[in-house]
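Student: Sharing input-v8.tsv (TSV, C-alpha atoms) below.
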```tsv
chain	number	residue	atom	x	y	z
A	1	MET	CA	22.32	-150.76	181.66
A	2	GLU	CA	20.84	-154.07	182.78
A	3	ILE	CA	17.57	-155.67	181.81
A	4	VAL	CA	16.23	-158.68	183.66
A	5	ASN	CA	14.91	-161.36	181.31
A	6	ASN	CA	13.62	-164.64	182.79
A	7	GLY	CA	15.72	-164.15	185.91
A	8	VAL	CA	18.91	-163.42	183.92
A	9	ALA	CA	20.32	-159.91	183.92
A	10	LEU	CA	21.19	-158.73	180.41
A	11	ARG	CA	23.85	-156.07	180.12
A	12	GLU	CA	24.65	-153.73	177.28
A	13	ASP	CA	28.19	-154.36	176.04
A	14	LYS	CA	28.90	-152.67	172.73
A	15	GLN	CA	32.62	-153.39	173.02
A	16	LEU	CA	31.96	-157.13	173.04
A	17	LEU	CA	29.75	-156.80	169.96
A	18	VAL	CA	32.49	-154.85	168.17
A	19	LEU	CA	35.06	-157.45	169.24
A	20	ALA	CA	32.84	-160.24	167.89
A	21	HIS	CA	32.64	-158.54	164.49
A	22	LEU	CA	36.35	-157.74	164.34
A	23	SER	CA	37.34	-161.24	165.45
A	24	GLN	CA	36.31	-162.42	161.99
A	25	LEU	CA	39.50	-160.84	160.71
A	26	LEU	CA	41.42	-163.63	162.44
A	27	ASP	CA	40.83	-165.60	159.23
A	28	TYR	CA	43.60	-163.55	157.66
A	29	VAL	CA	45.99	-164.47	160.49
A	30	THR	CA	45.12	-168.05	161.47
A	31	GLY	CA	42.92	-169.26	158.63
A	32	PHE	CA	40.13	-170.55	160.85
A	33	GLY	CA	39.92	-168.29	163.92
A	34	GLY	CA	37.42	-166.00	162.21
A	35	PHE	CA	34.75	-168.66	162.66
A	36	ILE	CA	35.74	-170.23	165.99
A	37	VAL	CA	36.17	-167.05	168.08
A	38	PRO	CA	32.83	-165.42	167.11
A	39	LEU	CA	31.11	-168.78	167.64
A	40	ILE	CA	32.51	-169.06	171.16
A	41	LEU	CA	31.66	-165.42	171.96
A	42	TRP	CA	28.10	-165.92	170.69
A	43	VAL	CA	27.47	-169.21	172.54
A	44	VAL	CA	28.82	-167.92	175.84
A	45	ASN	CA	27.20	-164.46	175.78
A	46	LYS	CA	23.98	-164.76	173.78
A	47	ASP	CA	21.88	-164.89	176.96
A	48	ARG	CA	23.94	-162.31	178.86
A	49	VAL	CA	24.47	-159.40	176.45
A	50	ILE	CA	21.77	-157.35	174.75
A	51	ASN	CA	21.69	-157.94	170.95
A	52	MET	CA	24.48	-160.56	171.09
A	53	ASP	CA	22.12	-163.22	169.76
A	54	SER	CA	21.23	-161.27	166.61
A	55	HIS	CA	24.82	-160.10	166.00
A	56	GLY	CA	26.22	-163.60	166.58
A	57	LYS	CA	23.75	-165.16	164.17
A	58	ALA	CA	24.57	-162.54	161.53
A	59	ILE	CA	28.30	-163.21	161.95
A	60	LEU	CA	27.92	-166.98	161.69
A	61	ASN	CA	25.62	-166.68	158.67
A	62	PHE	CA	28.22	-164.46	157.01
A	63	GLN	CA	31.12	-166.82	157.78
A	64	ILE	CA	29.27	-169.89	156.51
A	65	SER	CA	28.19	-167.99	153.39
A	66	ILE	CA	31.75	-166.85	152.67
A	67	PHE	CA	32.94	-170.46	153.00
A	68	ILE	CA	30.27	-171.66	150.55
A	69	TYR	CA	31.09	-168.89	148.07
A	70	CYS	CA	34.78	-169.82	148.20
A	71	ILE	CA	33.98	-173.49	147.59
A	72	LEU	CA	31.83	-172.49	144.59
A	73	CYS	CA	34.65	-170.36	143.16
A	74	ILE	CA	37.12	-173.25	143.06
A	75	PRO	CA	35.51	-175.04	140.07
A	76	ALA	CA	34.87	-171.65	138.45
A	77	ILE	CA	38.63	-171.13	138.20
A	78	LEU	CA	38.59	-173.53	135.27
A	79	LEU	CA	35.97	-171.37	133.55
A	80	LEU	CA	38.16	-168.62	132.11
A	81	GLY	CA	39.55	-167.77	135.52
A	82	LEU	CA	36.29	-166.31	136.80
A	83	GLY	CA	36.79	-168.10	140.11
A	84	ILE	CA	39.94	-166.09	140.77
A	85	ILE	CA	38.00	-162.85	140.32
A	86	GLY	CA	35.30	-164.25	142.61
A	87	LEU	CA	37.85	-165.15	145.28
A	88	ILE	CA	39.35	-161.66	145.13
A	89	ILE	CA	35.92	-160.06	145.54
A	90	ILE	CA	35.06	-162.43	148.39
A	91	GLY	CA	38.39	-161.62	150.08
A	92	ILE	CA	37.71	-157.89	149.87
A	93	LEU	CA	34.14	-158.23	151.17
A	94	ALA	CA	35.24	-160.57	153.97
A	95	PHE	CA	37.70	-157.87	155.07
A	96	VAL	CA	35.50	-154.79	154.68
A	97	LEU	CA	32.08	-155.96	155.91
A	98	PRO	CA	33.21	-156.99	159.44
A	99	ILE	CA	34.78	-153.56	159.90
A	100	VAL	CA	31.66	-151.77	158.65
A	101	ASN	CA	29.44	-153.85	160.92
A	102	ALA	CA	31.76	-153.32	163.90
A	103	VAL	CA	31.24	-149.57	163.45
A	104	LYS	CA	27.50	-150.16	163.22
A	105	ALA	CA	27.60	-152.24	166.42
A	106	SER	CA	29.46	-149.49	168.25
A	107	ASN	CA	26.71	-147.07	167.19
A	108	GLY	CA	23.97	-149.43	168.38
A	109	GLU	CA	22.76	-150.34	164.89
A	110	ALA	CA	21.79	-153.79	163.60
A	111	PRO	CA	24.36	-155.69	161.51
A	112	ASP	CA	23.89	-155.89	157.74
A	113	TYR	CA	25.87	-158.58	155.93
A	114	TYR	CA	23.98	-158.24	152.66
A	115	ILE	CA	25.65	-161.21	150.92
A	116	SER	CA	25.00	-163.74	153.66
A	117	ILE	CA	22.59	-166.65	153.40
A	118	PRO	CA	20.26	-166.80	156.45
A	119	PHE	CA	21.02	-170.21	158.00
A	120	PHE	CA	20.24	-169.01	161.55
A	121	LYS	CA	17.25	-166.75	162.08
```
Show how you would write the structure in this file as structure tokens.

Tutor:
Amino acid sequence: MEIVNNGVALREDKQLLVLAHLSQLLDYVTGFGGFIVPLILWVVNKDRVINMDSHGKAILNFQISIFIYCILCIPAILLLGLGIIGLIIIGILAFVLPIVNAVKASNGEAPDYYISIPFFK
């Protein structure tokens, strides 16, 4: 399905949205690819694919928020080891939430990263 918006044809591509969400899992392989790949996919396709702008912003908000939470947990390690528990919880959420939102994207639903700070709106 294509929609013409300001002379640009928008196409519906749920597979690309799912790929953008799942590409966050590259953090577990490369350490930094989970931010770079979704950023590139969002910048290149935000004006070409329906809902890519909202999904891309949600992904980037989530990635930046996860980074901030990890930075905040480092000094908390000295406080009775609470930072280690925080890092474990962040690691689990950073693995599970992209998968959940990839399933939502494949069903045509809006993403919901409930722990993310809204930097991009």

Student: I'd like the interatomic distance between CA of Ile117 in chain A and CA of Phe62 in chain A, to a tenth of an Å.

Tutor: 7.0 Å

Student: For each of A:Leu19, A:Leu97, A:Leu41, A:Ile88, take the minimum atom-to-atom distance to Gly56 in chain A, counting only C-alpha atoms, then give the residue where this is smallest.

Tutor: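 Nearest to Gly56 in chain A: A:Leu41.
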
Student: What is the distance between CA of Ala76 in chain A and CA of Ile92 in chain A, in Å to one decimal?

Tutor: 18.1 Å

Student: Work out how far apart CA of Leu25 in chain A and CA of Lys121 in chain A are and give it in Å to one decimal.

Tutor: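 Between CA of Leu25 in chain A and CA of Lys121 in chain A the gap is 23.1 Å.
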
Student: Rank A:Asp27, A:Leu78, A:Leu39, A:Tyr114 by their smallest atom-to-atom distance to Gly91 in chain A, using all atoms listed in the file, and report the top residue only.

Tutor: A:Asp27

Student: Here's a test: counting only C-alpha atoms, identify every protein, DNA and RNA residue with an atom at most 12 Å from (38.8, -169.3, 146.0) in the file's coordinate frame, and state them as number ranges by chain.

Tutor: A: 66-78, 81-91

Student: What's around Asn107 in chain A at 12 Å? Count only C-alpha atoms, leave out sequence neighbours fewer than 4 positions away in its own chain, and write the answer as a ChimeraX atom specification.

Tutor: /A:13-15,17-18,100-103,111

Student: Can those selected residues be exported to a file as a JSON list (two decimals), keeping the file's coordinate frame so that it contains C-alpha atoms?

Tutor:
```json
[["chain", "number", "residue", "atom", "x", "y", "z"],
["A", 13, "ASP", "CA", 28.19, -154.36, 176.04],
["A", 14, "LYS", "CA", 28.90, -152.67, 172.73],
["A", 15, "GLN", "CA", 32.62, -153.39, 173.02],
["A", 17, "LEU", "CA", 29.75, -156.80, 169.96],
["A", 18, "VAL", "CA", 32.49, -154.85, 168.17],
["A", 100, "VAL", "CA", 31.66, -151.77, 158.65],
["A", 101, "ASN", "CA", 29.44, -153.85, 160.92],
["A", 102, "ALA", "CA", 31.76, -153.32, 163.90],
["A", 103, "VAL", "CA", 31.24, -149.57, 163.45],
["A", 111, "PRO", "CA", 24.36, -155.69, 161.51]]
```

Student: If I wrap all listed atoms of range 40-51 of chain A in a box with edges along x, y and z and add 3 Å on each side, what are its centre and edge lengths in Å to one decimal, as JSON?

Tutor:
```
{"center_x": 27.1, "center_y": -163.3, "center_z": 174.8, "size_x": 16.8, "size_y": 17.9, "size_z": 14.2}
```

Student: With only C-alpha atoms as the atoms that count, which of A:Phe95, A:Pro38, A:Gly31, A:Lys104 lies nearest to Asp53 in chain A?

Tutor: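 Closest residue, counting only C-alpha atoms: A:Pro38.
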
Student: Which residue out of A:Ala94, A:Ala110, A:Leu26, A:Ile99 has the minimum interatomic distance to Gln63 in chain A when all atoms listed in the file are used?

Tutor: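 Once distances to Gln63 in chain A are computed over all atoms listed in the file, the minimum belongs to A:Ala94.
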
Student: Find, counting all atoms listed in the file, the residue in A:Phe32, A:Tyr113, A:Trp42, A:Phe119 that gets nearest to Ile64 in chain A.

Tutor: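 Once distances to Ile64 in chain A are computed over all atoms listed in the file, the minimum belongs to A:Phe119.
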
Student: Ranking A:Val37, A:Leu79, A:Ala58, A:Asp112 by minimum distance to Gln24 in chain A and counting all atoms listed in the file, which one comes first?

Tutor: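 Answer, going by the shortest atom-to-atom distance: A:Val37.
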